[in-house]
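S.K.: What follows is upload.cif, made up of mmCIF, C-alpha atoms:
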```
data_entry
loop_
_atom_site.label_atom_id
_atom_site.label_comp_id
_atom_site.auth_asym_id
_atom_site.auth_seq_id
_atom_site.Cartn_x
_atom_site.Cartn_y
_atom_site.Cartn_z
CA MET O 1 -8.17 -53.98 -27.99
CA SER O 2 -9.68 -51.01 -26.12
CA ASN O 3 -10.89 -47.77 -27.67
CA LEU O 4 -8.69 -45.51 -25.51
CA ASP O 5 -6.65 -44.32 -28.50
CA TYR O 6 -9.85 -43.27 -30.31
CA ILE O 7 -11.27 -41.63 -27.18
CA ASP O 8 -7.97 -39.81 -26.46
CA ASP O 9 -7.89 -38.42 -30.00
CA TYR O 10 -11.50 -37.28 -29.71
CA PHE O 11 -11.01 -35.35 -26.47
CA ASN O 12 -7.60 -33.89 -27.31
CA GLY O 13 -8.09 -33.17 -30.97
CA GLN O 14 -10.53 -31.08 -32.92
CA PRO O 15 -13.08 -33.57 -34.28
CA THR O 16 -15.19 -32.61 -37.25
CA ALA O 17 -18.99 -32.62 -37.03
CA ILE O 18 -19.11 -36.03 -38.69
CA GLN O 19 -16.49 -37.45 -36.28
CA LYS O 20 -18.47 -36.01 -33.35
CA ALA O 21 -21.68 -37.58 -34.59
CA ASP O 22 -19.98 -40.97 -35.05
CA PHE O 23 -18.44 -40.78 -31.57
CA GLU O 24 -21.71 -39.91 -29.87
CA GLN O 25 -23.59 -42.56 -31.83
CA LYS O 26 -21.08 -45.12 -30.61
CA ILE O 27 -21.65 -44.04 -27.00
CA LEU O 28 -25.39 -44.55 -27.36
CA ALA O 29 -25.06 -47.84 -29.27
CA GLU O 30 -22.26 -49.56 -27.34
CA PRO O 31 -22.50 -49.61 -23.54
CA SER O 32 -18.94 -50.93 -23.21
CA PHE O 33 -17.68 -47.96 -25.27
CA ALA O 34 -19.69 -45.56 -23.10
CA GLU O 35 -18.09 -47.22 -20.08
CA GLU O 36 -14.64 -46.58 -21.51
CA VAL O 37 -15.51 -42.93 -22.22
CA ALA O 38 -16.73 -42.55 -18.63
CA PHE O 39 -13.50 -44.17 -17.40
CA TYR O 40 -11.40 -41.83 -19.56
CA ILE O 41 -13.26 -38.73 -18.32
CA ASN O 42 -13.08 -39.89 -14.70
CA THR O 43 -9.39 -40.63 -14.95
CA GLN O 44 -8.57 -37.26 -16.47
CA ALA O 45 -10.63 -35.49 -13.78
CA LEU O 46 -8.93 -37.52 -11.03
CA LEU O 47 -5.48 -36.84 -12.49
CA ARG O 48 -6.19 -33.11 -12.69
CA GLN O 49 -7.39 -33.22 -9.10
CA GLN O 50 -4.17 -34.96 -8.05
CA VAL O 51 -2.08 -32.45 -10.00
CA GLU O 52 -3.85 -29.64 -8.14
CA GLU O 53 -3.39 -31.38 -4.78
CA GLU O 54 0.30 -31.82 -5.52
CA LYS O 55 0.66 -28.16 -6.49
CA LYS O 56 -1.27 -27.06 -3.44
CA GLY O 57 1.15 -29.13 -1.35
CA LEU O 58 4.08 -27.29 -2.93
CA PHE O 59 2.33 -23.96 -2.42
CA ARG O 60 1.78 -24.89 1.21
CA GLU O 61 5.51 -25.55 1.62
CA ILE O 62 6.36 -22.20 0.04
CA TYR O 63 3.76 -20.47 2.23
CA GLU O 64 5.01 -22.03 5.45
CA GLN O 65 8.63 -21.28 4.60
CA ASN O 66 7.91 -17.65 3.84
CA LYS O 67 5.03 -17.02 6.20
CA ALA O 68 6.97 -14.75 8.54
CA SER O 69 8.12 -12.48 5.74
CA ILE O 70 4.84 -12.16 3.85
CA PRO O 71 4.19 -8.47 3.42
CA LEU O 72 0.90 -7.05 4.68
CA THR O 73 0.40 -5.37 1.33
CA SER O 74 2.10 -5.40 -2.01
CA SER O 75 5.55 -3.94 -2.23
CA ARG O 76 4.90 -0.49 -3.64
CA PRO O 77 6.67 0.74 -6.73
CA LEU O 78 9.18 3.50 -6.11
CA TYR O 79 7.18 6.10 -7.98
CA LYS O 80 4.23 5.48 -5.66
CA ILE O 81 6.52 5.82 -2.64
CA GLY O 82 7.72 9.09 -4.25
CA PHE O 83 4.14 10.34 -4.47
CA SER O 84 3.56 9.41 -0.83
CA LEU O 85 6.71 11.23 0.25
CA ALA O 86 5.72 14.28 -1.77
CA ALA O 87 2.24 14.23 -0.22
CA ALA O 88 3.76 13.88 3.26
CA ALA O 89 6.11 16.79 2.52
CA VAL O 90 3.21 18.99 1.40
CA VAL O 91 1.27 18.17 4.58
CA LEU O 92 4.36 18.88 6.66
CA VAL O 93 4.88 22.24 4.97
CA ILE O 94 1.21 23.18 5.52
CA PHE O 95 1.33 22.22 9.19
CA THR O 96 4.65 23.99 9.68
CA GLY O 97 3.15 27.08 8.04
CA LEU O 98 0.09 26.96 10.28
CA TRP O 99 2.29 26.51 13.33
CA TRP O 100 4.51 29.36 12.18
CA VAL O 101 1.57 31.69 11.69
CA PHE O 102 -0.67 30.79 14.60
CA LEU O 103 1.13 28.84 17.28
CA ARG O 104 4.77 29.83 17.24
CA GLN O 105 5.84 31.95 20.24
CA PRO O 106 7.33 35.25 19.07
CA THR O 107 10.94 35.96 19.92
CA PRO O 108 11.77 38.79 22.37
CA HIS O 109 13.03 40.81 19.41
CA GLN O 110 9.67 40.37 17.62
CA LEU O 111 7.76 41.32 20.79
CA ALA O 112 9.78 44.51 21.03
CA ASP O 113 9.28 45.31 17.35
CA LYS O 114 5.53 44.84 17.64
CA TYR O 115 5.38 47.03 20.74
CA LEU O 116 7.29 49.82 19.04
CA GLN O 117 5.11 49.69 15.95
CA GLU O 118 1.91 49.85 17.97
CA LEU O 119 3.02 52.35 20.59
CA PRO O 120 0.33 55.04 20.82
CA ILE O 121 1.47 58.61 20.70
CA SER O 122 -0.82 61.16 22.29
CA ILE O 123 -1.27 64.36 20.33
CA GLN O 124 -2.29 67.55 21.97
CA MET O 125 -5.27 69.02 20.13
CA GLY O 126 -5.14 72.69 19.41
CA SER O 127 -3.84 75.24 16.98
CA ARG O 128 -0.70 76.10 18.90
CA GLN O 129 2.31 74.36 17.52
CA ASP O 130 4.83 74.17 20.36
CA SER O 131 8.18 72.48 19.94
CA LEU O 132 7.03 69.27 21.70
CA GLN O 133 4.05 68.92 19.39
CA ILE O 134 6.19 69.60 16.32
CA ALA O 135 8.68 66.92 17.39
CA LYS O 136 5.88 64.46 18.14
CA ASN O 137 4.39 65.11 14.70
CA SER O 138 7.74 64.33 13.14
CA TYR O 139 7.84 61.10 15.13
CA ILE O 140 4.28 60.15 14.08
CA ALA O 141 5.20 60.93 10.47
CA LYS O 142 8.07 58.47 10.95
CA ASP O 143 10.58 61.18 10.21
CA PHE O 144 12.73 59.85 13.03
CA PRO O 145 15.97 61.78 12.26
CA THR O 146 14.07 65.06 12.38
CA ALA O 147 12.11 63.99 15.45
CA LEU O 148 15.34 62.96 17.22
CA ARG O 149 16.98 66.28 16.38
CA GLN O 150 13.96 68.20 17.65
CA PHE O 151 13.75 66.16 20.88
CA GLU O 152 17.50 66.58 21.44
CA GLN O 153 17.12 70.36 21.10
CA MET O 154 14.49 70.19 23.84
CA ILE O 155 16.82 68.09 26.03
CA GLU O 156 19.57 70.67 25.51
CA ARG O 157 17.21 73.22 26.89
CA ASP O 158 16.06 70.98 29.76
CA SER O 159 18.00 67.77 30.50
CA ALA O 160 15.17 66.58 32.81
CA ASP O 161 12.42 66.92 30.17
CA GLU O 162 10.99 63.46 30.66
CA THR O 163 8.87 63.56 27.46
CA ALA O 164 11.79 64.67 25.33
CA LEU O 165 14.04 62.03 26.89
CA ARG O 166 11.42 59.34 26.33
CA PHE O 167 10.81 60.21 22.66
CA ALA O 168 14.48 60.82 21.94
CA GLY O 169 15.13 57.26 23.16
CA LEU O 170 12.28 55.86 21.12
CA ALA O 171 13.42 57.73 17.99
CA CYS O 172 16.91 56.30 18.53
CA LEU O 173 15.33 52.86 18.74
CA ARG O 174 13.58 53.36 15.43
CA LEU O 175 16.91 54.46 13.96
CA ASN O 176 18.63 51.39 15.42
CA GLU O 177 20.88 53.58 17.58
CA TYR O 178 20.56 51.32 20.58
CA ASP O 179 23.45 52.59 22.71
CA LYS O 180 22.23 56.15 22.38
CA ALA O 181 18.67 55.03 23.17
CA LEU O 182 19.92 53.31 26.31
CA ARG O 183 21.67 56.46 27.40
CA TYR O 184 18.45 58.52 27.04
CA PHE O 185 16.38 55.92 28.92
CA GLN O 186 18.97 55.71 31.71
CA GLN O 187 18.91 59.51 31.90
CA LEU O 188 15.10 59.32 32.05
CA GLU O 189 15.32 56.81 34.93
CA ARG O 190 17.29 59.31 36.91
CA VAL O 191 14.73 62.10 36.55
CA PRO O 192 13.36 62.58 40.07
CA GLY O 193 9.78 63.01 41.22
CA LEU O 194 8.01 61.48 38.22
CA TYR O 195 4.61 59.93 38.81
CA SER O 196 5.07 57.69 35.78
CA ASN O 197 8.45 56.54 34.53
CA PRO O 198 8.73 53.73 31.97
CA ALA O 199 12.54 54.11 31.73
CA LYS O 200 13.35 50.62 33.04
CA PHE O 201 10.83 49.01 30.70
CA TYR O 202 12.26 51.00 27.74
CA GLN O 203 15.78 49.87 28.60
CA ALA O 204 14.52 46.29 28.47
CA LEU O 205 12.80 47.08 25.19
CA THR O 206 16.07 48.49 23.79
CA LEU O 207 18.01 45.38 24.81
CA MET O 208 15.35 43.17 23.19
CA GLU O 209 15.61 45.18 19.99
CA ARG O 210 19.42 45.11 19.98
CA ASN O 211 19.37 41.37 20.67
CA GLY O 212 23.14 41.19 21.18
CA PRO O 213 25.07 38.72 23.35
CA GLY O 214 23.66 38.81 26.88
CA ASP O 215 20.99 41.37 25.93
CA ILE O 216 17.98 39.09 26.31
CA PRO O 217 18.83 37.78 29.82
CA ALA O 218 19.58 41.37 30.84
CA ALA O 219 16.23 42.49 29.39
CA ARG O 220 14.51 39.69 31.28
CA GLN O 221 16.06 40.89 34.53
CA LEU O 222 14.84 44.42 33.85
CA LEU O 223 11.32 43.18 33.05
CA GLU O 224 11.30 41.18 36.29
CA GLN O 225 12.24 44.39 38.11
CA VAL O 226 9.38 46.22 36.37
CA VAL O 227 6.95 43.52 37.55
CA ALA O 228 8.42 43.30 41.07
CA GLY O 229 8.49 47.10 41.46
CA ASP O 230 5.00 47.52 39.98
CA LEU O 231 6.49 50.02 37.54
CA ASP O 232 5.09 51.41 34.29
CA GLU O 233 4.18 48.84 31.64
CA LYS O 234 4.04 46.10 34.29
CA LYS O 235 1.23 44.27 32.42
CA VAL O 236 3.16 44.15 29.18
CA ALA O 237 6.26 42.98 31.05
CA GLU O 238 4.25 40.14 32.66
CA GLU O 239 2.89 39.00 29.31
CA TRP O 240 6.31 38.97 27.76
CA LEU O 241 7.84 37.06 30.60
CA LYS O 242 5.12 34.37 30.19
CA LYS O 243 6.03 33.94 26.54
CA TRP O 244 9.74 33.44 27.16
CA MET T 1 14.33 -19.94 6.07
CA ARG T 2 14.60 -16.65 4.23
CA PRO T 3 12.37 -16.12 1.21
CA ASP T 4 13.94 -16.41 -2.20
CA LYS T 5 13.91 -12.75 -3.22
CA SER T 6 14.53 -13.58 -6.86
CA LEU T 7 11.05 -15.06 -6.96
CA LEU T 8 9.56 -11.77 -5.84
CA ILE T 9 11.05 -9.55 -8.48
CA SER T 10 10.31 -11.42 -11.69
CA PRO T 11 8.28 -9.11 -13.89
CA ASP T 12 4.73 -10.09 -14.88
CA PRO T 13 5.47 -10.59 -18.61
CA GLU T 14 8.25 -13.05 -17.79
CA ILE T 15 5.97 -15.12 -15.56
CA ILE T 16 3.22 -15.09 -18.16
CA ASP T 17 5.62 -16.07 -20.95
CA HIS T 18 7.02 -18.96 -18.95
CA LEU T 19 3.53 -20.21 -18.13
CA ARG T 20 2.44 -19.97 -21.77
CA GLN T 21 5.56 -21.65 -23.11
CA ASN T 22 4.76 -24.76 -21.04
CA GLY T 23 8.47 -25.48 -21.00
CA SER T 24 10.88 -26.31 -18.23
CA ASN T 25 10.38 -22.86 -16.65
CA ARG T 26 6.65 -23.35 -16.13
CA ARG T 27 7.00 -25.04 -12.75
CA LYS T 28 9.22 -22.20 -11.53
CA ALA T 29 6.82 -19.61 -12.95
CA GLU T 30 3.93 -21.22 -11.03
CA ASP T 31 5.87 -20.79 -7.79
CA GLN T 32 6.73 -17.23 -8.75
CA LEU T 33 3.09 -16.44 -9.39
CA PHE T 34 2.08 -17.97 -6.07
CA LYS T 35 4.67 -15.96 -4.18
CA ARG T 36 3.96 -12.74 -6.06
CA TYR T 37 0.57 -12.16 -4.47
CA VAL T 38 0.79 -14.40 -1.42
CA TYR T 39 -0.12 -11.40 0.75
CA PHE T 40 -3.68 -11.90 -0.55
CA VAL T 41 -3.88 -14.62 2.12
CA ARG T 42 -3.75 -11.90 4.76
CA GLU T 43 -6.36 -9.98 2.80
CA GLY T 44 -8.59 -13.06 2.92
CA ILE T 45 -8.15 -13.19 6.68
CA ASN T 46 -8.50 -9.48 7.41
CA LYS T 47 -10.98 -8.34 4.79
CA TYR T 48 -13.13 -11.43 4.27
CA GLY T 49 -12.89 -12.90 7.75
CA LEU T 50 -11.63 -16.29 6.58
CA SER T 51 -9.47 -18.54 8.70
CA GLU T 52 -5.84 -18.82 7.65
CA ASP T 53 -6.39 -22.28 6.15
CA GLU T 54 -9.47 -21.12 4.25
CA ALA T 55 -7.67 -18.04 2.98
CA PHE T 56 -4.71 -20.17 1.92
CA ASP T 57 -7.00 -22.64 0.09
CA VAL T 58 -8.84 -19.82 -1.67
CA TYR T 59 -5.57 -18.20 -2.71
CA SER T 60 -4.12 -21.52 -3.90
CA ASP T 61 -7.27 -22.18 -5.95
CA THR T 62 -7.00 -18.66 -7.33
CA VAL T 63 -3.42 -19.23 -8.49
CA LEU T 64 -4.26 -22.63 -9.98
CA SER T 65 -7.20 -21.13 -11.82
CA ALA T 66 -5.03 -18.25 -13.06
CA ILE T 67 -2.31 -20.65 -14.21
CA GLU T 68 -4.86 -22.67 -16.19
CA LYS T 69 -6.32 -19.56 -17.80
CA ILE T 70 -2.92 -18.09 -18.65
CA THR T 71 -1.74 -21.42 -20.06
CA ASN T 72 -4.85 -21.62 -22.23
CA GLY T 73 -4.38 -18.06 -23.44
CA LEU T 74 -7.46 -16.74 -21.65
CA PHE T 75 -5.56 -13.93 -19.92
CA GLN T 76 -5.46 -11.18 -22.52
CA GLY T 77 -3.68 -8.52 -20.51
CA ARG T 78 -6.56 -6.03 -20.57
CA SER T 79 -5.88 -5.33 -16.90
CA SER T 80 -2.74 -5.82 -14.88
CA LEU T 81 -1.98 -9.34 -13.74
CA LYS T 82 -2.52 -8.25 -10.14
CA THR T 83 -5.93 -6.72 -10.84
CA TRP T 84 -7.01 -9.77 -12.80
CA ILE T 85 -5.86 -12.25 -10.14
CA TYR T 86 -7.36 -10.15 -7.36
CA ARG T 87 -10.72 -10.30 -9.14
CA ILE T 88 -10.51 -14.10 -9.22
CA PHE T 89 -9.45 -14.13 -5.58
CA HIS T 90 -12.30 -11.82 -4.56
CA ASN T 91 -14.88 -13.99 -6.34
CA LYS T 92 -13.51 -17.12 -4.72
CA CYS T 93 -13.55 -15.45 -1.29
CA VAL T 94 -17.20 -14.53 -1.79
CA ASP T 95 -17.95 -18.12 -2.85
CA GLN T 96 -16.17 -19.39 0.24
CA ILE T 97 -18.16 -17.06 2.50
CA ARG T 98 -21.40 -18.25 0.88
CA LYS T 99 -20.36 -21.84 1.49
CA LEU T 100 -19.72 -21.06 5.12
CA THR T 101 -22.89 -19.09 5.74
CA THR T 102 -25.51 -21.20 3.95
CA ASN T 103 -26.54 -24.80 4.20
CA LYS T 104 -27.57 -24.95 0.58
CA ASN T 105 -24.10 -26.04 -0.32
CA LYS T 106 -24.38 -29.11 1.93
CA ILE T 107 -27.83 -30.03 0.69
CA HIS T 108 -27.20 -29.58 -3.00
CA ARG T 109 -23.59 -30.68 -3.13
CA THR T 110 -22.99 -32.33 -6.47
CA THR T 111 -20.04 -33.73 -8.29
CA PRO T 112 -18.52 -31.03 -10.46
CA VAL T 113 -19.21 -31.55 -14.13
CA SER T 114 -16.15 -33.11 -15.72
CA ASP T 115 -14.64 -31.02 -18.48
CA GLY T 116 -14.83 -34.02 -20.80
CA LEU T 117 -18.62 -34.05 -20.65
CA LEU T 118 -18.71 -30.58 -22.15
CA HIS T 119 -17.49 -32.09 -25.41
CA LEU T 120 -20.64 -34.21 -25.75
CA SER T 121 -24.17 -33.44 -26.90
CA ASP T 122 -27.02 -33.86 -24.41
CA SER T 123 -28.03 -37.44 -25.19
CA ALA T 124 -24.47 -38.82 -25.16
CA LYS T 125 -23.64 -36.66 -22.14
CA SER T 126 -26.58 -38.06 -20.21
CA ALA T 127 -25.54 -41.65 -20.92
CA VAL T 128 -21.95 -41.03 -19.85
CA GLN T 129 -23.03 -38.96 -16.85
CA GLN T 130 -25.02 -41.89 -15.47
CA LEU T 131 -21.97 -44.13 -15.77
CA ILE T 132 -19.78 -41.53 -14.11
CA GLU T 133 -22.17 -41.25 -11.17
CA ARG T 134 -21.99 -45.01 -10.71
CA SER T 135 -18.19 -45.01 -10.82
CA ASP T 136 -16.14 -45.87 -7.77
CA MET T 137 -13.77 -42.93 -7.65
CA GLU T 138 -12.04 -44.16 -4.51
CA LEU T 139 -11.19 -47.41 -6.24
CA LEU T 140 -9.96 -45.54 -9.30
CA ARG T 141 -7.79 -43.37 -7.06
CA ALA T 142 -6.39 -46.46 -5.36
CA ARG T 143 -5.63 -48.13 -8.70
CA LEU T 144 -4.03 -44.95 -9.97
CA ASN T 145 -1.78 -44.86 -6.93
CA GLU T 146 -0.78 -48.47 -7.61
CA LEU T 147 0.54 -47.58 -11.06
CA GLY T 148 4.29 -47.23 -11.39
CA ASP T 149 5.85 -43.82 -10.77
CA ASN T 150 6.72 -43.36 -14.40
CA CYS T 151 3.14 -44.05 -15.53
CA ARG T 152 1.68 -41.73 -12.93
CA LYS T 153 4.10 -38.95 -13.79
CA LEU T 154 3.34 -39.36 -17.49
CA LEU T 155 -0.41 -39.26 -16.97
CA MET T 156 -0.23 -36.36 -14.52
CA GLN T 157 1.92 -34.25 -16.82
CA PHE T 158 -0.58 -34.77 -19.63
CA ALA T 159 -3.47 -33.92 -17.29
CA ASP T 160 -1.55 -30.79 -16.26
CA GLY T 161 -1.74 -29.51 -19.82
CA TYR T 162 1.65 -30.52 -21.17
CA SER T 163 1.56 -31.87 -24.73
CA ASP T 164 3.15 -35.15 -25.75
CA ARG T 165 5.90 -33.13 -27.41
CA GLU T 166 6.66 -31.22 -24.19
CA ILE T 167 6.56 -34.42 -22.15
CA ALA T 168 8.99 -36.06 -24.58
CA VAL T 169 11.48 -33.25 -23.83
CA SER T 170 10.99 -33.19 -20.06
CA MET T 171 10.94 -36.98 -19.57
CA ASP T 172 13.52 -37.92 -22.18
CA TYR T 173 11.29 -39.82 -24.59
CA LYS T 174 12.54 -40.14 -28.16
CA THR T 175 9.43 -38.76 -29.86
CA PRO T 176 5.97 -37.44 -29.02
CA GLU T 177 4.54 -40.57 -30.60
CA VAL T 178 6.42 -42.71 -28.11
CA VAL T 179 4.99 -40.59 -25.33
CA LYS T 180 1.47 -41.07 -26.64
CA THR T 181 1.90 -44.84 -26.99
CA SER T 182 3.35 -45.08 -23.48
CA ARG T 183 0.62 -42.88 -22.07
CA LEU T 184 -2.18 -44.92 -23.62
CA ARG T 185 -0.48 -48.10 -22.43
CA CYS T 186 -0.52 -46.72 -18.89
CA LEU T 187 -4.18 -45.78 -19.26
CA GLU T 188 -5.01 -49.26 -20.51
CA LYS T 189 -3.16 -50.78 -17.59
CA LEU T 190 -5.19 -48.63 -15.22
CA ARG T 191 -8.41 -49.48 -17.00
CA GLN T 192 -7.81 -53.19 -16.78
CA SER T 193 -6.83 -52.89 -13.14
CA TYR T 194 -9.92 -50.82 -12.35
CA PHE T 195 -12.48 -52.93 -14.24
CA LYS T 196 -10.95 -56.22 -13.20
CA LYS T 197 -11.39 -55.52 -9.51
CA ASN T 198 -14.54 -53.48 -10.02
CA THR T 199 -16.49 -56.34 -11.55
#
```
What would the structure in this file look like if it were written as structure tokens?
M.R.:
Amino acid sequence: MSNLDYIDDYFNGQPTAIQKADFEQKILAEPSFAEEVAFYINTQALLRQQVEEEKKGLFREIYEQNKASIPLTSSRPLYKIGFSLAAAAVVLVIFTGLWWVFLRQPTPHQLADKYLQELPISIQMGSRQDSLQIAKNSYIAKDFPTALRQFEQMIERDSADETALRFAGLACLRLNEYDKALRYFQQLERVPGLYSNPAKFYQALTLMERNGPGDIPAARQLLEQVVAGDLDEKKVAEEWLKKW
Amino acid sequence: MRPDKSLLISPDPEIIDHLRQNGSNRRKAEDQLFKRYVYFVREGINKYGLSEDEAFDVYSDTVLSAIEKITNGLFQGRSSLKTWIYRIFHNKCVDQIRKLTTNKNKIHRTTPVSDGLLHLSDSAKSAVQQLIERSDMELLRARLNELGDNCRKLLMQFADGYSDREIAVSMDYKTPEVVKTSRLRCLEKLRQSYFKKNT
């Protein structure tokens, strides 16, 4: 009878110190027993190796069957995808903001607004306060109703007063009275013999400010006329046309 | 063939429980574990520069090693299952690269120490080790393959870590004692076959 039962119990149980000592003594004393222990250990190692080979074979089958659909990375939990989307949204908002601030082309209405805000008004230096200067001061002080009234009084006195017509139109613009502004600028255009007459450009400016149906194409036509006719504010008109 | 998606969504605790229970679900859990992180194979190719076969072998060894550790209760859940398995995979990739880039492995290649030897003190170990080195493993393999299917299956299940009680359930034996008797009978049959033709 072989010792396999004894050997099996030794390796799969929890032998006491005395049992261990007896077992090891038997190995050293009985070569045939040592041979059986070596056989048992070899067999278990070989069986484990075969188990692993068999499992690897099954893994290989699974791998080959699913090879095409193996993801490049782990499937990400939804909350991580949420974080990614949030991060992407933040980046998008930042870039949109930067584009809005620095790269976005202004609309014709914005160009007109900016022009009006930055329009320089020359002031005659001196102690004498004539009606033109008083009206201009009202305009500079942004008291546009008063300025308009004062310029209109001047126009009543002289319907060809090109300065009064010009500022009356501009004051109307600041008061959003576009139709009235157009009328003053058209009247200004008709004033004969002027060395400098920005009336056509101001009409375009008024249309850009009003921004009603058909106003922008009409303003564009007027600006093109300013450029073609080498009229006042030609440079500004050219710049605006480039931005459209 | 489309992948079985159910294998991909089993939660970690379920896989670990099935592996630890050593019951009928263990085999399925092993496949689930393999499929869970199979994308590591690509990582082995892309990050460690292994061939596809090498990366597959490393990953398979990783999963087998993880299964053994989980079954023996050595995975304590201090890190996530993925982190833990990736660490094993990384170490095995590094080992594989070392094997490929040095000749030391070829020069000093030795038979891995059998687990059984670890149970013995130095003097007994040395005596058994000498016998093991003289063993004809190819012959033993051949004799093992000549055993009947039932014997082989019985011995392999035991070698895979299943207890006699678990084998009794899975292979329809009446009691664990019957399993043990049958198992030892198969071992004896193999021993006689091996020593008879080896002498």
S.K.: Between O:Gly57, O:Pro192, O:Pro106, O:Gly97, which one has atoms that come closest to chain T, using only C-alpha atoms?
M.R.: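 Looking at the shortest contact to chain T, the residue is O:Gly57.
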S.K.: Check which residues satisfy the PyMOL selection byres ((chain T) within 9 of (chain O)) in the file shown, then give them as a PyMOL selection string.
M.R.: chain T and resi 1-4+30-31+34-40+42-43+56-57+60-61+64+114-117+119-121+123-125+127-132+135+137+140-141+144+152+155-160+180-181+184+187-188+191
S.K.: Write to file, as a PDB file, in the frame of the given file, the residues of the selection just made, with C-alpha atoms.
M.R.:
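Everything below was put into again_10.pdb:
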```pdb
ATOM      1  CA  MET T   1      14.330 -19.940   6.070  1.00  0.00           C
ATOM      2  CA  ARG T   2      14.600 -16.650   4.230  1.00  0.00           C
ATOM      3  CA  PRO T   3      12.370 -16.120   1.210  1.00  0.00           C
ATOM      4  CA  ASP T   4      13.940 -16.410  -2.200  1.00  0.00           C
ATOM      5  CA  GLU T  30       3.930 -21.220 -11.030  1.00  0.00           C
ATOM      6  CA  ASP T  31       5.870 -20.790  -7.790  1.00  0.00           C
ATOM      7  CA  PHE T  34       2.080 -17.970  -6.070  1.00  0.00           C
ATOM      8  CA  LYS T  35       4.670 -15.960  -4.180  1.00  0.00           C
ATOM      9  CA  ARG T  36       3.960 -12.740  -6.060  1.00  0.00           C
ATOM     10  CA  TYR T  37       0.570 -12.160  -4.470  1.00  0.00           C
ATOM     11  CA  VAL T  38       0.790 -14.400  -1.420  1.00  0.00           C
ATOM     12  CA  TYR T  39      -0.120 -11.400   0.750  1.00  0.00           C
ATOM     13  CA  PHE T  40      -3.680 -11.900  -0.550  1.00  0.00           C
ATOM     14  CA  ARG T  42      -3.750 -11.900   4.760  1.00  0.00           C
ATOM     15  CA  GLU T  43      -6.360  -9.980   2.800  1.00  0.00           C
ATOM     16  CA  PHE T  56      -4.710 -20.170   1.920  1.00  0.00           C
ATOM     17  CA  ASP T  57      -7.000 -22.640   0.090  1.00  0.00           C
ATOM     18  CA  SER T  60      -4.120 -21.520  -3.900  1.00  0.00           C
ATOM     19  CA  ASP T  61      -7.270 -22.180  -5.950  1.00  0.00           C
ATOM     20  CA  LEU T  64      -4.260 -22.630  -9.980  1.00  0.00           C
ATOM     21  CA  SER T 114     -16.150 -33.110 -15.720  1.00  0.00           C
ATOM     22  CA  ASP T 115     -14.640 -31.020 -18.480  1.00  0.00           C
ATOM     23  CA  GLY T 116     -14.830 -34.020 -20.800  1.00  0.00           C
ATOM     24  CA  LEU T 117     -18.620 -34.050 -20.650  1.00  0.00           C
ATOM     25  CA  HIS T 119     -17.490 -32.090 -25.410  1.00  0.00           C
ATOM     26  CA  LEU T 120     -20.640 -34.210 -25.750  1.00  0.00           C
ATOM     27  CA  SER T 121     -24.170 -33.440 -26.900  1.00  0.00           C
ATOM     28  CA  SER T 123     -28.030 -37.440 -25.190  1.00  0.00           C
ATOM     29  CA  ALA T 124     -24.470 -38.820 -25.160  1.00  0.00           C
ATOM     30  CA  LYS T 125     -23.640 -36.660 -22.140  1.00  0.00           C
ATOM     31  CA  ALA T 127     -25.540 -41.650 -20.920  1.00  0.00           C
ATOM     32  CA  VAL T 128     -21.950 -41.030 -19.850  1.00  0.00           C
ATOM     33  CA  GLN T 129     -23.030 -38.960 -16.850  1.00  0.00           C
ATOM     34  CA  GLN T 130     -25.020 -41.890 -15.470  1.00  0.00           C
ATOM     35  CA  LEU T 131     -21.970 -44.130 -15.770  1.00  0.00           C
ATOM     36  CA  ILE T 132     -19.780 -41.530 -14.110  1.00  0.00           C
ATOM     37  CA  SER T 135     -18.190 -45.010 -10.820  1.00  0.00           C
ATOM     38  CA  MET T 137     -13.770 -42.930  -7.650  1.00  0.00           C
ATOM     39  CA  LEU T 140      -9.960 -45.540  -9.300  1.00  0.00           C
ATOM     40  CA  ARG T 141      -7.790 -43.370  -7.060  1.00  0.00           C
ATOM     41  CA  LEU T 144      -4.030 -44.950  -9.970  1.00  0.00           C
ATOM     42  CA  ARG T 152       1.680 -41.730 -12.930  1.00  0.00           C
ATOM     43  CA  LEU T 155      -0.410 -39.260 -16.970  1.00  0.00           C
ATOM     44  CA  MET T 156      -0.230 -36.360 -14.520  1.00  0.00           C
ATOM     45  CA  GLN T 157       1.920 -34.250 -16.820  1.00  0.00           C
ATOM     46  CA  PHE T 158      -0.580 -34.770 -19.630  1.00  0.00           C
ATOM     47  CA  ALA T 159      -3.470 -33.920 -17.290  1.00  0.00           C
ATOM     48  CA  ASP T 160      -1.550 -30.790 -16.260  1.00  0.00           C
ATOM     49  CA  LYS T 180       1.470 -41.070 -26.640  1.00  0.00           C
ATOM     50  CA  THR T 181       1.900 -44.840 -26.990  1.00  0.00           C
ATOM     51  CA  LEU T 184      -2.180 -44.920 -23.620  1.00  0.00           C
ATOM     52  CA  LEU T 187      -4.180 -45.780 -19.260  1.00  0.00           C
ATOM     53  CA  GLU T 188      -5.010 -49.260 -20.510  1.00  0.00           C
ATOM     54  CA  ARG T 191      -8.410 -49.480 -17.000  1.00  0.00           C
TER      55      ARG T 191
END
```
S.K.: Please write as number ranges by chain the full residue list that the PyMOL selection byres ((chain O and resi 163) around 10) yields on this file.
M.R.: O: 132, 136, 151, 154-155, 160-162, 164-169, 188, 197
S.K.: If we count only C-alpha atoms, what is near Asp17 (chain T) at a cut-off of 10 Å, once residues fewer than 3 positions away on the same chain are taken out, given as a list in words?
M.R.: Asp12, Pro13, Glu14, Arg20, Gln21, Asn22, Gly23, Asn25, Arg26, Ala29, Ile70 and Thr71 of chain T
